[in-house]
$ cat protein-v6.csv   # CSV, C-alpha atoms
chain,number,residue,atom,x,y,z
A,1,MET,CA,66.7,-2.9,0.3
A,2,LEU,CA,65.1,0.5,0.2
A,3,ALA,CA,68.4,2.3,0.8
A,4,ALA,CA,70.0,0.2,-2.0
A,5,PHE,CA,67.1,1.0,-4.3
A,6,LEU,CA,67.5,4.8,-3.6
A,7,MET,CA,71.2,4.7,-4.6
A,8,GLY,CA,71.9,5.6,-8.2
A,9,CYS,CA,68.4,6.7,-9.1
A,10,THR,CA,69.2,9.5,-11.6
A,11,SER,CA,67.2,9.0,-14.8
A,12,LYS,CA,63.5,10.0,-15.3
A,13,GLN,CA,62.6,6.3,-15.6
A,14,GLU,CA,64.3,5.4,-12.4
A,15,ASN,CA,62.6,8.3,-10.5
A,16,GLN,CA,59.2,7.1,-11.7
A,17,THR,CA,60.0,3.6,-10.6
A,18,LEU,CA,61.1,4.9,-7.3
A,19,GLU,CA,57.9,6.8,-6.8
A,20,GLU,CA,55.7,3.8,-7.6
A,21,TYR,CA,57.8,1.6,-5.3
A,22,ASN,CA,57.5,4.0,-2.4
A,23,GLN,CA,53.7,4.4,-2.8
A,24,MET,CA,53.1,0.7,-2.9
A,25,PHE,CA,55.5,0.0,-0.1
A,26,GLU,CA,53.6,2.4,2.2
A,27,GLN,CA,50.2,0.9,1.2
A,28,VAL,CA,51.5,-2.6,1.9
A,29,ILE,CA,52.7,-1.7,5.4
A,30,THR,CA,49.3,0.0,6.2
A,31,LEU,CA,47.3,-3.0,4.9
A,32,GLU,CA,49.4,-5.6,6.7
A,33,LYS,CA,49.0,-3.7,10.0
A,34,GLN,CA,45.2,-3.3,9.4
A,35,ILE,CA,44.8,-7.0,8.7
A,36,SER,CA,46.8,-8.1,11.8
A,37,GLN,CA,44.6,-5.9,14.0
A,38,THR,CA,41.2,-6.8,12.4
A,39,ASP,CA,38.9,-9.5,13.7
A,40,PHE,CA,37.1,-10.5,10.4
A,41,HIS,CA,34.3,-12.2,12.3
A,42,THR,CA,33.1,-8.9,13.6
A,43,LEU,CA,32.9,-7.2,10.1
A,44,SER,CA,29.7,-6.5,8.4
A,45,GLY,CA,29.0,-7.9,5.0
A,46,GLU,CA,29.4,-4.5,3.5
A,47,GLU,CA,32.9,-4.1,5.1
A,48,LEU,CA,33.9,-7.6,4.0
A,49,ALA,CA,32.9,-6.8,0.4
A,50,GLU,CA,34.9,-3.6,0.5
A,51,MET,CA,38.0,-5.3,1.8
A,52,ASN,CA,37.6,-8.1,-0.7
A,53,GLU,CA,37.4,-5.6,-3.5
A,54,MET,CA,40.4,-3.8,-2.2
A,55,GLY,CA,42.4,-7.1,-2.3
A,56,LYS,CA,41.4,-7.6,-5.9
A,57,GLU,CA,42.6,-4.2,-6.9
A,58,LEU,CA,45.9,-4.6,-5.2
A,59,TYR,CA,48.6,-4.9,-7.9
A,60,TYR,CA,52.2,-4.0,-8.4
A,61,ASP,CA,54.7,-4.5,-11.3
A,62,TYR,CA,57.8,-2.6,-12.5
A,63,ASN,CA,60.0,-1.9,-15.5
A,64,PRO,CA,63.5,-3.3,-15.0
A,65,MET,CA,65.0,-1.2,-17.8
A,66,GLY,CA,67.9,0.9,-16.4
A,67,LEU,CA,67.7,-0.6,-12.9
A,68,THR,CA,70.7,-2.0,-11.1
A,69,PRO,CA,70.5,-5.7,-9.9
A,70,GLU,CA,70.0,-4.5,-6.3
A,71,GLN,CA,67.0,-2.3,-7.5
A,72,VAL,CA,65.5,-5.1,-9.4
A,73,SER,CA,65.8,-7.4,-6.4
A,74,SER,CA,64.0,-4.8,-4.2
A,75,CYS,CA,61.2,-4.4,-6.7
A,76,GLU,CA,60.8,-8.1,-7.2
A,77,ALA,CA,60.6,-8.7,-3.4
A,78,LEU,CA,57.9,-6.1,-3.2
A,79,LYS,CA,56.0,-7.7,-6.0
A,80,VAL,CA,56.0,-11.0,-4.3
A,81,ARG,CA,54.9,-9.4,-1.0
A,82,VAL,CA,52.0,-7.6,-2.8
A,83,ASN,CA,50.8,-10.8,-4.5
A,84,LYS,CA,50.8,-12.7,-1.2
A,85,LEU,CA,49.0,-9.9,0.5
A,86,ARG,CA,46.3,-9.8,-2.2
A,87,ASN,CA,45.8,-13.5,-2.0
A,88,ASP,CA,45.6,-13.5,1.8
A,89,LEU,CA,43.1,-10.6,1.8
A,90,ILE,CA,40.9,-12.2,-0.8
A,91,THR,CA,40.9,-15.6,0.9
A,92,LEU,CA,40.3,-14.2,4.4
A,93,THR,CA,37.3,-12.1,3.3
A,94,ALA,CA,35.9,-14.7,1.0
A,95,ASN,CA,35.8,-17.3,3.8
A,96,GLU,CA,34.0,-14.9,6.1
A,97,ILE,CA,31.6,-13.8,3.3
A,98,LYS,CA,30.4,-17.3,3.0
A,99,ASN,CA,29.2,-17.2,6.6
A,100,CYS,CA,27.9,-13.6,6.5
A,101,LYS,CA,24.2,-13.0,6.7
A,102,VAL,CA,21.9,-10.1,5.8
A,103,THR,CA,19.1,-9.7,8.3
A,104,PRO,CA,16.2,-7.6,7.0
A,105,TRP,CA,13.8,-8.6,9.8
A,106,ASN,CA,14.7,-8.9,13.5
A,107,TYR,CA,12.3,-8.4,16.4
A,108,ASP,CA,12.7,-9.5,20.0
A,109,GLU,CA,9.1,-8.9,21.0
A,110,LEU,CA,6.6,-8.4,18.2
A,111,LEU,CA,3.0,-8.0,19.4
A,112,LEU,CA,0.7,-9.5,16.7
A,113,SER,CA,-3.1,-9.8,16.7
A,114,GLN,CA,-3.6,-10.7,13.1
A,115,SER,CA,-1.8,-12.3,10.1
A,116,GLN,CA,1.4,-10.5,9.1
A,117,THR,CA,3.9,-11.0,6.3
A,118,TYR,CA,7.6,-10.3,6.1
A,119,PRO,CA,8.9,-10.1,2.5
A,120,VAL,CA,12.5,-10.7,1.3
A,121,TYR,CA,14.0,-10.5,-2.2
A,122,LEU,CA,16.3,-13.4,-2.9
A,123,GLN,CA,18.4,-14.5,-5.9
A,124,LYS,CA,18.7,-18.0,-7.1
A,125,GLY,CA,20.8,-20.2,-4.9
A,126,GLU,CA,20.8,-17.9,-1.8
A,127,LYS,CA,19.9,-19.5,1.5
A,128,LEU,CA,17.1,-18.1,3.6
A,129,TYR,CA,16.9,-18.6,7.4
A,130,TRP,CA,14.0,-18.0,9.8
A,131,ASN,CA,13.8,-18.3,13.5
A,132,ILE,CA,10.4,-17.7,15.2
A,133,THR,CA,9.5,-18.1,18.8
A,134,ALA,CA,5.9,-17.4,20.1
A,135,SER,CA,4.2,-17.3,23.5
A,136,LYS,CA,1.4,-19.5,22.1
A,137,PRO,CA,1.3,-21.9,19.1
A,138,ILE,CA,1.1,-20.2,15.8
A,139,ALA,CA,0.8,-21.0,12.1
A,140,VAL,CA,3.7,-20.1,9.8
A,141,GLN,CA,4.2,-20.5,6.1
A,142,LEU,CA,7.0,-19.6,3.6
A,143,CYS,CA,5.7,-18.5,0.2
A,144,ASN,CA,7.0,-17.5,-3.2
A,145,ALA,CA,5.2,-14.3,-3.9
A,146,ASP,CA,6.0,-14.3,-7.6
A,147,SER,CA,4.7,-17.8,-8.4
A,148,ARG,CA,2.1,-17.5,-5.6
A,149,SER,CA,3.0,-20.9,-4.1
A,150,VAL,CA,3.4,-22.2,-0.6
A,151,LEU,CA,6.9,-23.8,-0.1
A,152,LYS,CA,6.7,-24.7,3.6
A,153,LYS,CA,4.0,-24.9,6.3
A,154,TYR,CA,4.0,-25.1,10.1
A,155,LYS,CA,0.9,-25.3,12.3
A,156,GLY,CA,0.5,-25.4,16.0
A,157,LYS,CA,4.2,-24.6,16.7
A,158,SER,CA,5.6,-22.2,19.3
A,159,VAL,CA,9.2,-22.5,17.8
A,160,VAL,CA,9.9,-22.5,14.1
A,161,ASN,CA,13.6,-22.7,13.1
A,162,ASP,CA,14.4,-23.6,9.6
A,163,SER,CA,16.2,-22.7,6.4
A,164,LEU,CA,15.9,-23.2,2.6
A,165,VAL,CA,18.1,-22.7,-0.5
A,166,VAL,CA,15.8,-20.9,-3.0
A,167,GLU,CA,15.6,-22.3,-6.5
A,168,ASN,CA,14.4,-19.1,-8.2
A,169,THR,CA,15.1,-15.4,-8.1
A,170,ALA,CA,11.9,-14.0,-6.6
A,171,ILE,CA,10.3,-12.3,-3.7
A,172,TYR,CA,9.6,-14.6,-0.8
A,173,TYR,CA,7.7,-13.9,2.4
A,174,ILE,CA,7.2,-15.5,5.8
A,175,GLU,CA,3.6,-15.3,6.9
A,176,ILE,CA,2.7,-15.5,10.7
A,177,ASN,CA,-0.8,-16.2,11.8
A,178,PRO,CA,-1.1,-15.8,15.6
A,179,GLN,CA,-3.9,-17.1,17.8
A,180,GLY,CA,-5.4,-14.0,19.3
A,181,THR,CA,-3.0,-11.4,20.5
A,182,GLN,CA,0.5,-12.6,21.4
A,183,TYR,CA,4.2,-11.8,21.4
A,184,VAL,CA,6.4,-13.2,18.8
A,185,GLY,CA,10.2,-13.2,18.4
A,186,LEU,CA,11.3,-13.1,14.8
A,187,GLU,CA,14.6,-13.2,12.9
A,188,ILE,CA,14.8,-13.6,9.2
A,189,SER,CA,18.2,-13.6,7.4
A,190,TYR,CA,19.9,-14.9,4.3
A,191,LYS,CA,23.3,-15.7,2.9
A,192,VAL,CA,24.1,-14.2,-0.5
A,193,ASN,CA,26.0,-15.5,-3.5
A,194,ASP,CA,26.9,-12.2,-4.9
A,195,MET,CA,29.1,-9.9,-2.7
A,196,SER,CA,27.4,-6.8,-4.2
A,197,ARG,CA,24.3,-7.9,-2.1
A,198,LEU,CA,26.1,-7.9,1.2
A,199,GLY,CA,24.9,-4.4,2.1
A,200,ASN,CA,21.3,-3.5,3.0
A,201,ALA,CA,18.5,-5.8,1.9
A,202,THR,CA,16.7,-4.9,-1.4
A,203,PRO,CA,13.6,-2.9,-0.4
A,204,VAL,CA,10.3,-4.7,-1.2
A,205,LYS,CA,7.3,-2.5,-2.1
A,206,VAL,CA,3.9,-3.7,-0.7
A,207,ASP,CA,0.5,-2.9,-2.2
A,208,ASN,CA,-3.0,-4.3,-1.6
A,209,ILE,CA,-4.9,-5.3,-4.7
A,210,GLU,CA,-8.3,-6.9,-5.4
A,211,CYS,CA,-8.3,-10.6,-6.1
A,212,GLY,CA,-10.4,-13.8,-6.2
A,213,LYS,CA,-11.6,-15.8,-3.2
A,214,ALA,CA,-9.3,-18.7,-4.1
A,215,ASP,CA,-6.1,-16.6,-4.7
A,216,LEU,CA,-3.1,-17.1,-2.4
A,217,GLY,CA,-3.3,-14.8,0.6
A,218,ALA,CA,-6.8,-13.7,-0.2
A,219,LYS,CA,-8.5,-11.8,2.7
A,220,SER,CA,-12.2,-11.0,2.9
A,221,VAL,CA,-13.3,-7.5,3.5
A,222,SER,CA,-16.9,-6.2,3.8
A,223,GLY,CA,-17.4,-3.8,0.9
A,224,ILE,CA,-20.3,-2.3,-1.1
A,225,SER,CA,-21.7,-2.1,-4.6
A,226,MET,CA,-23.4,1.1,-5.8
A,227,ILE,CA,-26.2,0.6,-8.3
A,228,LYS,CA,-28.0,3.4,-10.2
A,229,CYS,CA,-31.7,3.6,-9.5
A,230,PHE,CA,-32.3,6.0,-12.4
A,231,ASP,CA,-30.7,5.8,-15.8
A,232,GLU,CA,-30.4,9.5,-15.8
A,233,PRO,CA,-31.2,12.3,-13.3
A,234,ARG,CA,-35.0,12.8,-12.7
A,235,LYS,CA,-36.0,16.4,-13.3
A,236,PHE,CA,-39.1,18.1,-11.7
A,237,THR,CA,-40.7,21.5,-12.0
A,238,LEU,CA,-42.5,22.7,-8.9
A,239,ARG,CA,-44.7,25.6,-9.4
A,240,GLY,CA,-45.3,28.2,-6.7
A,241,GLN,CA,-48.6,27.9,-4.8
A,242,LEU,CA,-50.1,30.8,-6.8
A,243,LYS,CA,-49.0,29.6,-10.2
A,244,ALA,CA,-50.1,26.0,-9.4
A,245,ALA,CA,-53.7,27.2,-9.1
A,246,PHE,CA,-53.6,27.9,-12.8
A,247,SER,CA,-51.1,25.5,-14.3
A,248,GLY,CA,-48.7,22.8,-13.3
A,249,SER,CA,-48.3,21.4,-9.8
A,250,SER,CA,-46.4,22.4,-6.7
A,251,LYS,CA,-45.8,18.7,-5.9
A,252,ALA,CA,-43.8,15.8,-7.4
A,253,LEU,CA,-43.3,12.2,-6.4
A,254,VAL,CA,-40.8,9.6,-7.6
A,255,ALA,CA,-40.9,5.9,-6.8
A,256,VAL,CA,-37.4,4.4,-6.2
A,257,GLN,CA,-37.2,0.7,-7.0
A,258,ILE,CA,-34.8,-0.9,-4.5
A,259,PRO,CA,-32.5,-3.6,-5.9
A,260,ALA,CA,-32.3,-6.9,-4.1
A,261,GLY,CA,-30.0,-6.9,-1.1
A,262,ALA,CA,-29.8,-3.1,-0.8
A,263,THR,CA,-29.6,-1.7,2.7
A,264,ASP,CA,-29.5,2.0,2.0
A,265,ILE,CA,-30.0,4.5,-0.8
A,266,LEU,CA,-27.9,7.6,-1.3
A,267,TYR,CA,-29.4,10.6,-3.0
A,268,SER,CA,-28.4,13.9,-4.5
A,269,MET,CA,-31.0,16.6,-4.8
A,270,ARG,CA,-30.2,20.0,-6.4
A,271,ILE,CA,-32.7,22.9,-6.5
A,272,ALA,CA,-32.5,26.0,-8.6
A,273,THR,CA,-34.8,28.9,-9.6
A,274,SER,CA,-33.5,28.7,-13.1
A,275,GLU,CA,-34.3,25.8,-15.4
A,276,HIS,CA,-31.1,26.4,-17.3
A,277,ASP,CA,-28.8,26.6,-14.2
A,278,SER,CA,-25.5,24.9,-15.0
A,279,SER,CA,-24.5,21.9,-12.9
A,280,SER,CA,-22.7,18.5,-12.8
A,281,ASP,CA,-25.9,16.5,-12.8
A,282,GLY,CA,-25.5,12.9,-13.9
A,283,GLU,CA,-22.1,12.5,-12.3
A,284,PHE,CA,-23.3,11.4,-8.9
A,285,HIS,CA,-22.6,7.7,-9.5
A,286,GLU,CA,-19.1,8.3,-10.9
A,287,ASN,CA,-18.3,10.7,-8.0
A,288,LEU,CA,-19.5,8.2,-5.4
A,289,THR,CA,-17.5,5.3,-7.1
A,290,THR,CA,-14.4,7.5,-7.2
A,291,SER,CA,-14.8,8.5,-3.5
A,292,TYR,CA,-15.3,4.9,-2.5
A,293,GLU,CA,-12.1,3.8,-4.2
A,294,GLU,CA,-10.3,6.5,-2.4
A,295,VAL,CA,-11.7,5.4,0.9
A,296,LYS,CA,-10.5,1.8,0.2
A,297,PHE,CA,-7.1,3.2,-0.9
A,298,LEU,CA,-6.7,5.0,2.5
A,299,GLY,CA,-7.4,1.8,4.3
A,300,LEU,CA,-10.5,3.0,6.1
A,301,PRO,CA,-13.5,0.7,7.0
A,302,LEU,CA,-15.2,-0.2,3.8
A,303,TYR,CA,-18.7,-0.6,5.2
A,304,GLU,CA,-20.3,0.1,8.5
A,305,LYS,CA,-23.6,1.0,10.0
A,306,GLU,CA,-24.1,4.5,11.5
A,307,LYS,CA,-23.6,4.3,15.3
A,308,ASN,CA,-24.1,7.1,17.8
A,309,GLY,CA,-23.9,9.8,15.2
A,310,ASP,CA,-20.3,8.8,14.3
A,311,VAL,CA,-19.1,9.7,10.8
A,312,ASN,CA,-19.3,6.6,8.8
A,313,LEU,CA,-18.5,5.5,5.3
A,314,PHE,CA,-21.6,7.0,3.7
A,315,SER,CA,-20.9,10.4,5.4
A,316,LYS,CA,-17.4,10.3,3.9
A,317,LEU,CA,-18.7,9.5,0.4
A,318,LEU,CA,-21.4,12.1,0.5
A,319,ASP,CA,-19.2,14.8,1.9
A,320,ASP,CA,-17.1,14.6,-1.3
A,321,ASN,CA,-20.2,15.0,-3.5
A,322,ARG,CA,-22.0,18.1,-2.1
A,323,PRO,CA,-23.9,20.0,-4.8
A,324,LEU,CA,-23.6,23.8,-4.8
A,325,ARG,CA,-26.3,25.3,-2.6
A,326,GLU,CA,-28.9,27.7,-4.1
A,327,GLU,CA,-29.6,30.2,-1.4
A,328,ASP,CA,-32.8,31.4,-3.0
A,329,ALA,CA,-34.2,28.0,-3.7
A,330,TYR,CA,-35.7,25.5,-1.2
A,331,CYS,CA,-38.6,23.0,-0.9
A,332,ASN,CA,-40.0,20.3,1.4
A,333,MET,CA,-38.9,16.7,0.9
A,334,TYR,CA,-40.9,13.8,2.3
A,335,VAL,CA,-40.0,10.1,2.5
A,336,PHE,CA,-42.9,7.7,2.2
A,337,ARG,CA,-42.6,4.0,2.8
A,338,SER,CA,-46.2,3.2,2.1
A,339,GLN,CA,-47.6,3.3,-1.5
A,340,THR,CA,-51.1,4.3,-0.2
A,341,GLN,CA,-49.7,7.3,1.7
A,342,ALA,CA,-47.6,8.3,-1.3
A,343,LYS,CA,-50.6,8.1,-3.6
A,344,GLN,CA,-52.7,10.3,-1.3
A,345,PHE,CA,-49.9,12.9,-1.4
A,346,GLN,CA,-49.6,12.7,-5.1
A,347,ASP,CA,-53.4,13.0,-5.7
A,348,GLY,CA,-53.7,15.8,-3.2
A,349,THR,CA,-56.4,14.1,-1.3
A,350,LYS,CA,-54.5,14.6,1.9
A,351,SER,CA,-51.8,17.1,2.8
A,352,ALA,CA,-48.4,15.9,4.0
A,353,SER,CA,-49.0,17.2,7.5
A,354,VAL,CA,-51.7,14.5,8.1
A,355,LEU,CA,-49.8,11.7,6.3
A,356,ASN,CA,-47.5,9.2,7.8
A,357,TYR,CA,-44.1,10.2,6.3
A,358,ASP,CA,-40.7,9.1,7.7
A,359,VAL,CA,-39.9,12.1,9.9
A,360,ASP,CA,-36.3,10.9,10.5
A,361,TYR,CA,-35.4,11.3,6.9
A,362,SER,CA,-37.8,14.0,5.6
A,363,THR,CA,-36.8,17.7,5.6
A,364,LEU,CA,-38.8,20.8,5.5
A,365,GLY,CA,-37.4,23.9,3.7
A,366,THR,CA,-34.3,22.1,2.4
A,367,GLN,CA,-31.9,23.5,-0.1
A,368,SER,CA,-29.7,21.4,-2.4
A,369,CYS,CA,-28.3,18.4,-0.4
A,370,ASN,CA,-27.1,14.9,-0.4
A,371,GLY,CA,-28.4,12.2,2.0
A,372,ARG,CA,-28.8,8.6,3.0
A,373,ILE,CA,-32.0,6.6,3.7
A,374,PRO,CA,-32.1,3.1,5.1
A,375,VAL,CA,-34.2,0.8,3.0
A,376,LYS,CA,-33.3,-2.8,4.1
A,377,GLY,CA,-36.1,-5.3,3.3
A,378,GLN,CA,-38.1,-2.8,1.2
A,379,LYS,CA,-38.8,-3.1,-2.6
A,380,THR,CA,-40.0,0.5,-3.2
A,381,ILE,CA,-39.5,3.8,-1.4
A,382,TYR,CA,-41.2,7.1,-2.4
A,383,LEU,CA,-39.5,10.5,-2.5
A,384,ALA,CA,-41.9,13.4,-2.5
A,385,PHE,CA,-41.2,17.1,-3.0
A,386,GLU,CA,-43.4,20.1,-2.4
A,387,ASN,CA,-43.0,23.9,-3.2
A,388,GLU,CA,-44.9,25.9,-0.5
A,389,ARG,CA,-43.6,29.2,-1.9
A,390,ILE,CA,-46.2,31.6,-3.2
A,391,ARG,CA,-44.6,33.0,-6.3
A,392,TYR,CA,-41.4,31.3,-7.3
A,393,THR,CA,-41.0,28.1,-9.4
A,394,ASN,CA,-38.4,25.7,-8.4
A,395,TYR,CA,-36.5,23.2,-10.6
A,396,LEU,CA,-35.3,20.0,-9.1
A,397,TRP,CA,-32.7,17.4,-10.2
A,398,VAL,CA,-32.6,14.1,-8.3
A,399,GLU,CA,-30.2,11.2,-8.5
A,400,VAL,CA,-30.3,8.0,-6.4
A,401,GLU,CA,-27.9,5.2,-5.8
A,402,ALA,CA,-28.7,1.9,-4.0
A,403,VAL,CA,-26.0,0.5,-1.7
A,404,VAL,CA,-25.7,-3.3,-1.7
A,405,PRO,CA,-23.2,-4.9,0.7
A,406,LYS,CA,-20.8,-7.4,-0.7
A,407,THR,CA,-17.7,-9.3,0.2
A,408,GLU,CA,-14.5,-8.2,-1.5
A,409,TYR,CA,-11.2,-10.1,-1.5
A,410,PHE,CA,-7.8,-8.5,-1.4
A,411,THR,CA,-4.3,-9.9,-1.5
A,412,THR,CA,-0.8,-8.4,-1.1
A,413,LYS,CA,1.3,-7.6,-4.2
A,414,TYR,CA,5.0,-7.5,-3.7
A,415,SER,CA,7.5,-5.8,-6.0
A,416,ILE,CA,11.0,-4.4,-5.9
A,417,GLU,CA,11.7,-0.8,-6.8
$ encode --input "protein-v6.csv" --output "structure tokens"
Amino acid sequence: MLAAFLMGCTSKQENQTLEEYNQMFEQVITLEKQISQTDFHTLSGEELAEMNEMGKELYYDYNPMGLTPEQVSSCEALKVRVNKLRNDLITLTANEIKNCKVTPWNYDELLLSQSQTYPVYLQKGEKLYWNITASKPIAVQLCNADSRSVLKKYKGKSVVNDSLVVENTAIYYIEINPQGTQYVGLEISYKVNDMSRLGNATPVKVDNIECGKADLGAKSVSGISMIKCFDEPRKFTLRGQLKAAFSGSSKALVAVQIPAGATDILYSMRIATSEHDSSSDGEFHENLTTSYEEVKFLGLPLYEKEKNGDVNLFSKLLDDNRPLREEDAYCNMYVFRSQTQAKQFQDGTKSASVLNYDVDYSTLGTQSCNGRIPVKGQKTIYLAFENERIRYTNYLWVEVEAVVPKTEYFTTKYSIE
């Protein structure tokens, strides 16, 4: 037929028809060979979708004007062949697409020691499959993250194999709660309705947000509240020993009222030789709060006692709030836990050297600094300052925060980018 078609092609129209015929004929031969050699069961969803789209785009027609009967016969035969090839390709790929799955999660041996979730974005009518095997009985549940509802629950099972056609377009997740530390095999897959979703699974973004105790997926975490002990920074003027003999005092004392439940106080003390020295006084509370939020954001422990000199939460918070040091200004700082001892210091009836101050948290000759003092079970603590210098006057600014442990609740927020 091709030879007959070539004969007598002289006009421009006939040449164009010949060119279109030859291009389509070669494409059909290539596709027919490819289809005969392809095992469609082995193709990925993305490859099936590509071949299905190729079939939909396969089209051939011709203009019979100026063609001989033999040429028309050849063109018509090719048109029938193209139509059959298109229908076969669409049918073959569509049948396989119905059975094709996207598998976003697949682990042979997953070592779990705590609850873990595996989110998947699904569209309405798609079918979700999950197959879970565990070395010991586990608890599993399927949840709709958007409506915050539990759809299916399994408890005390070592094998969970199930499926569900979802009723809504949403983010769903499988939550696995192991008993202790154990190995878990996991496969989560789904069938799609839209061939455009046969490629990689839609990425799901995961964030931890604060929530209420009764919210779905709420997890308790030990946190802290920071409460201002002073409405504004306390300012003191400490005269030098020589000037104090004529006016003013070289000592100062401030009583810190401890809020109920507080375990520690954090303080910021800045010293300067100039009363008008510029600073960021009054921002200690805001800086601590900001630092604490950053610590939570980084996923570090929210609250812990100091052990063996290790850097703990308070050290991290205070390190971000160091006041500028004044190299020419320093004083003695004493911590009194007894009202009687504090009054004797304030009245000057006894010197600090003979009083029972807390040596672990008092500092002689200190410059500007931040610090932490344990106060659990106490209602009041006394911070005392003394300028032992002969000539110079020192100016002090003191801010104090009480630390109250609390239980915070967090849940996971899922979203698609």
$ residues_around --input "protein-v6.csv" --residues "Met226 in chain A" --least-positions-apart "2" --cutoff "9 Å" --atoms "all atoms listed in the file" --output "list in words"
Ile224, Lys228, Ile265, His285, Leu288, Thr289, Glu401, Ala402, Val403, Val404 and Pro405 of chain A
$ closest_residue --input "protein-v6.csv" --among "A:Phe40, A:Tyr118, A:Phe230, A:Tyr173" --to "Glu96 in chain A" --atoms "all atoms listed in the file"
A:Phe40
$ closest_residue --input "protein-v6.csv" --among "A:Ile35, A:Ala145, A:Val140, A:Met24" --to "Cys75 in chain A" --atoms "all atoms listed in the file"
A:Met24
$ atom_distance --input "protein-v6.csv" --atom1 "CA of Leu142 in chain A" --atom2 "CA of Ile174 in chain A"
4.7 Å
$ closest_atom_pairs --input "protein-v6.csv" --of "range 76-172 of chain A" --to "range 201-208 of chain A" --cutoff "10 Å" --atoms "only C-alpha atoms" --output "CSV"
residue,atom,partner,partner_atom,distance
A:Val102,CA,A:Ala201,CA,6.7
A:Thr103,CA,A:Ala201,CA,7.5
A:Pro104,CA,A:Ala201,CA,5.9
A:Trp105,CA,A:Ala201,CA,9.6
A:Tyr118,CA,A:Val204,CA,9.6
A:Pro119,CA,A:Val204,CA,6.7
A:Val120,CA,A:Val204,CA,6.9
A:Tyr121,CA,A:Thr202,CA,6.3
A:Leu122,CA,A:Thr202,CA,8.6
A:Ile171,CA,A:Val204,CA,8.0
A:Tyr172,CA,A:Val204,CA,9.9
$ atom_distance --input "protein-v6.csv" --atom1 "CA of Lys213 in chain A" --atom2 "CA of Gly261 in chain A"
20.5 Å
$ residues_near_point --input "protein-v6.csv" --point "(-23.7, 13.3, -7.9)" --cutoff "7 Å" --atoms "only C-alpha atoms" --output "ChimeraX atom specification"
/A:268,281-285,287,321,399
$ closest_residue --input "protein-v6.csv" --among "A:Thr363, A:Gln339, A:Asn394, A:Asn312" --to "Ala272 in chain A" --atoms "only C-alpha atoms"
A:Asn394
$ closest_residue --input "protein-v6.csv" --among "A:Thr169, A:Ser44, A:Asn15, A:Asn193" --to "Lys98 in chain A" --atoms "all atoms listed in the file"
A:Asn193
$ closest_residue --input "protein-v6.csv" --among "A:Val184, A:Leu48, A:Val400, A:Leu58" --to "Ile258 in chain A" --atoms "all atoms listed in the file"
A:Val400
$ residues_around --input "protein-v6.csv" --residues "Arg337 in chain A" --least-positions-apart "2" --cutoff "7 Å" --atoms "all atoms listed in the file" --output "PyMOL selection string"
chain A and resi 335+339+381-382
$ closest_residue --input "protein-v6.csv" --among "A:Leu89, A:Val80, A:Met54, A:Ile132" --to "Ile188 in chain A" --atoms "only C-alpha atoms"
A:Ile132
$ atom_distance --input "protein-v6.csv" --atom1 "CA of Pro178 in chain A" --atom2 "CA of Asn161 in chain A"
16.4 Å
$ residues_around --input "protein-v6.csv" --residues "range 148-153 of chain A" --least-positions-apart "5" --cutoff "9 Å" --atoms "only C-alpha atoms" --output "ChimeraX atom specification"
/A:139-143,215-217
$ write_last_selection --input "protein-v6.csv" --atoms "C-alpha atoms" --output "CSV table (one decimal), keeping the file's coordinate frame"
chain,number,residue,atom,x,y,z
A,139,ALA,CA,0.8,-21.0,12.1
A,140,VAL,CA,3.7,-20.1,9.8
A,141,GLN,CA,4.2,-20.5,6.1
A,142,LEU,CA,7.0,-19.6,3.6
A,143,CYS,CA,5.7,-18.5,0.2
A,215,ASP,CA,-6.1,-16.6,-4.7
A,216,LEU,CA,-3.1,-17.1,-2.4
A,217,GLY,CA,-3.3,-14.8,0.6
$ residues_around --input "protein-v6.csv" --residues "Trp130 in chain A" --least-positions-apart "5" --cutoff "9 Å" --atoms "all atoms listed in the file" --output "PDB file with C-alpha atoms, in the frame of the given file"
ATOM      1  CA  VAL A 160       9.900 -22.500  14.100  1.00  0.00           C
ATOM      2  CA  ASN A 161      13.600 -22.700  13.100  1.00  0.00           C
ATOM      3  CA  ASP A 162      14.400 -23.600   9.600  1.00  0.00           C
ATOM      4  CA  SER A 163      16.200 -22.700   6.400  1.00  0.00           C
ATOM      5  CA  ILE A 174       7.200 -15.500   5.800  1.00  0.00           C
ATOM      6  CA  LEU A 186      11.300 -13.100  14.800  1.00  0.00           C
ATOM      7  CA  GLU A 187      14.600 -13.200  12.900  1.00  0.00           C
ATOM      8  CA  ILE A 188      14.800 -13.600   9.200  1.00  0.00           C
ATOM      9  CA  SER A 189      18.200 -13.600   7.400  1.00  0.00           C
ATOM     10  CA  TYR A 190      19.900 -14.900   4.300  1.00  0.00           C
TER      11      TYR A 190
END
$ residues_around --input "protein-v6.csv" --residues "Lys56 in chain A" --least-positions-apart "6" --cutoff "9 Å" --atoms "only C-alpha atoms" --output "NGL selection string"
:A and (86-87 or 89-90)
$ axis_aligned_box --input "protein-v6.csv" --around "range 336-354 of chain A" --padding-each-side "3 Å" --output "lines of an AutoDock Vina configuration file"
center_x = -49.5
center_y = 10.2
center_z = 1.2
size_x = 19.8
size_y = 20.0
size_z = 19.8
